[in-house]
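Notes to accompany the following structure.
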Amino acid sequence: MIIKSNISKCGNAKAIRIPNSMLEALNWSENDKIELRIEDGEIKAKKIIEIKKRKNIKELFADHEEEYECEIIEWGDPVGKEIW
């Protein structure tokens, strides 16, 4: 896909408009972070995929101050081929 665009002023920087059709083809959205680099006299752009660190159980409940009381729920007798 080749599309022509202009470089325009945006505050103290410059901006290049990317048409929606091109963003959709790349699966890019507004506010996505991209990496720009100069390679062989061309500007190349690559979407940055951030991997979010999953919190462990201590981090998830760090702000929780109440004591947890476990509630036992009686589910009744097995209905099918459950093994308890």
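The way I read the labels, and the way they are meant: chains A, B, ... in the order of the structure tokens, residue 1 as the first residue of every chain, and ligand 1 as the first ligand shown, with later ones counted on from there.
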
Query - All strand (DSSP E) positions in range 5-71 of chain A, as a ChimeraX atom specification - result: /A:7-10,13-16,34-39,42-47

Report task. Per DSSP on the backbone, filter range 18-70 of chain A down to the residues in helix (DSSP H, G or I) and report them as a PyMOL selection string. Result -> chain A and resi 20-26+57-60

Grab the residues selected above and save them as a short mmCIF file (atom, residue, chain, number, x, y, z; two decimals), in the first residue's frame with C-alpha atoms.
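Generated output (again-v4.cif):
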data_model
loop_
_atom_site.label_atom_id
_atom_site.label_comp_id
_atom_site.auth_asym_id
_atom_site.auth_seq_id
_atom_site.Cartn_x
_atom_site.Cartn_y
_atom_site.Cartn_z
CA ASN A 20 -7.19 5.39 8.64
CA SER A 21 -7.02 2.78 5.86
CA MET A 22 -3.30 2.38 6.48
CA LEU A 23 -3.74 2.28 10.28
CA GLU A 24 -6.45 -0.37 9.93
CA ALA A 25 -4.26 -2.45 7.61
CA LEU A 26 -1.51 -2.37 10.27
CA ILE A 57 -0.93 -12.30 44.79
CA LYS A 58 0.88 -10.05 47.29
CA GLU A 59 0.83 -7.11 44.86
CA LEU A 60 -2.85 -7.65 44.04
#

Requested in this report: Could you give me, as a VMD selection string, the residues within 12 Å of range 43-50 of chain A, counting only C-alpha atoms and dropping anything in the same chain fewer than 3 positions from it?
Outcome: chain A and resid 16 18 23 26 to 40 53

Write the residues of the preceding selection, restricted to N, CA and C atoms, as a JSON list (two decimals), in the first residue's frame.
[["chain", "number", "residue", "atom", "x", "y", "z"],
["A", 16, "ILE", "N", 3.26, 13.80, 10.52],
["A", 16, "ILE", "CA", 2.90, 13.14, 9.26],
["A", 16, "ILE", "C", 1.55, 12.49, 9.49],
["A", 18, "ILE", "N", -1.29, 9.86, 8.90],
["A", 18, "ILE", "CA", -1.40, 8.49, 8.41],
["A", 18, "ILE", "C", -2.89, 8.20, 8.24],
["A", 23, "LEU", "N", -3.75, 2.68, 8.87],
["A", 23, "LEU", "CA", -3.74, 2.28, 10.28],
["A", 23, "LEU", "C", -4.51, 0.98, 10.47],
["A", 26, "LEU", "N", -2.59, -2.02, 9.33],
["A", 26, "LEU", "CA", -1.51, -2.37, 10.27],
["A", 26, "LEU", "C", -2.04, -2.77, 11.64],
["A", 27, "ASN", "N", -3.35, -2.63, 11.85],
["A", 27, "ASN", "CA", -3.96, -2.86, 13.16],
["A", 27, "ASN", "C", -3.38, -1.91, 14.21],
["A", 28, "TRP", "N", -3.19, -0.64, 13.79],
["A", 28, "TRP", "CA", -2.72, 0.42, 14.68],
["A", 28, "TRP", "C", -3.89, 1.29, 15.06],
["A", 29, "SER", "N", -3.80, 1.92, 16.23],
["A", 29, "SER", "CA", -4.86, 2.81, 16.72],
["A", 29, "SER", "C", -4.24, 4.12, 17.19],
["A", 30, "GLU", "N", -5.10, 5.11, 17.35],
["A", 30, "GLU", "CA", -4.66, 6.39, 17.91],
["A", 30, "GLU", "C", -4.06, 6.14, 19.29],
["A", 31, "ASN", "N", -3.00, 6.82, 19.60],
["A", 31, "ASN", "CA", -2.26, 6.73, 20.87],
["A", 31, "ASN", "C", -1.40, 5.47, 21.01],
["A", 32, "ASP", "N", -1.35, 4.61, 19.99],
["A", 32, "ASP", "CA", -0.39, 3.50, 20.02],
["A", 32, "ASP", "C", 1.01, 4.10, 20.03],
["A", 33, "LYS", "N", 1.93, 3.42, 20.68],
["A", 33, "LYS", "CA", 3.32, 3.87, 20.69],
["A", 33, "LYS", "C", 4.04, 3.20, 19.53],
["A", 34, "ILE", "N", 4.85, 4.01, 18.83],
["A", 34, "ILE", "CA", 5.62, 3.48, 17.71],
["A", 34, "ILE", "C", 7.09, 3.85, 17.87],
["A", 35, "GLU", "N", 7.92, 3.07, 17.24],
["A", 35, "GLU", "CA", 9.35, 3.32, 17.21],
["A", 35, "GLU", "C", 9.68, 3.81, 15.81],
["A", 36, "LEU", "N", 10.37, 4.94, 15.71],
["A", 36, "LEU", "CA", 10.79, 5.48, 14.42],
["A", 36, "LEU", "C", 12.30, 5.34, 14.30],
["A", 37, "ARG", "N", 12.77, 4.93, 13.13],
["A", 37, "ARG", "CA", 14.21, 4.85, 12.91],
["A", 37, "ARG", "C", 14.52, 5.22, 11.46],
["A", 38, "ILE", "N", 15.72, 5.72, 11.27],
["A", 38, "ILE", "CA", 16.18, 6.04, 9.92],
["A", 38, "ILE", "C", 17.03, 4.87, 9.45],
["A", 39, "GLU", "N", 16.66, 4.35, 8.29],
["A", 39, "GLU", "CA", 17.37, 3.19, 7.73],
["A", 39, "GLU", "C", 17.48, 3.38, 6.22],
["A", 40, "ASP", "N", 18.69, 3.41, 5.72],
["A", 40, "ASP", "CA", 18.94, 3.60, 4.28],
["A", 40, "ASP", "C", 18.25, 4.85, 3.75],
["A", 53, "LYS", "N", 3.64, -6.46, 33.02],
["A", 53, "LYS", "CA", 4.01, -7.43, 34.04],
["A", 53, "LYS", "C", 2.77, -7.78, 34.85]]
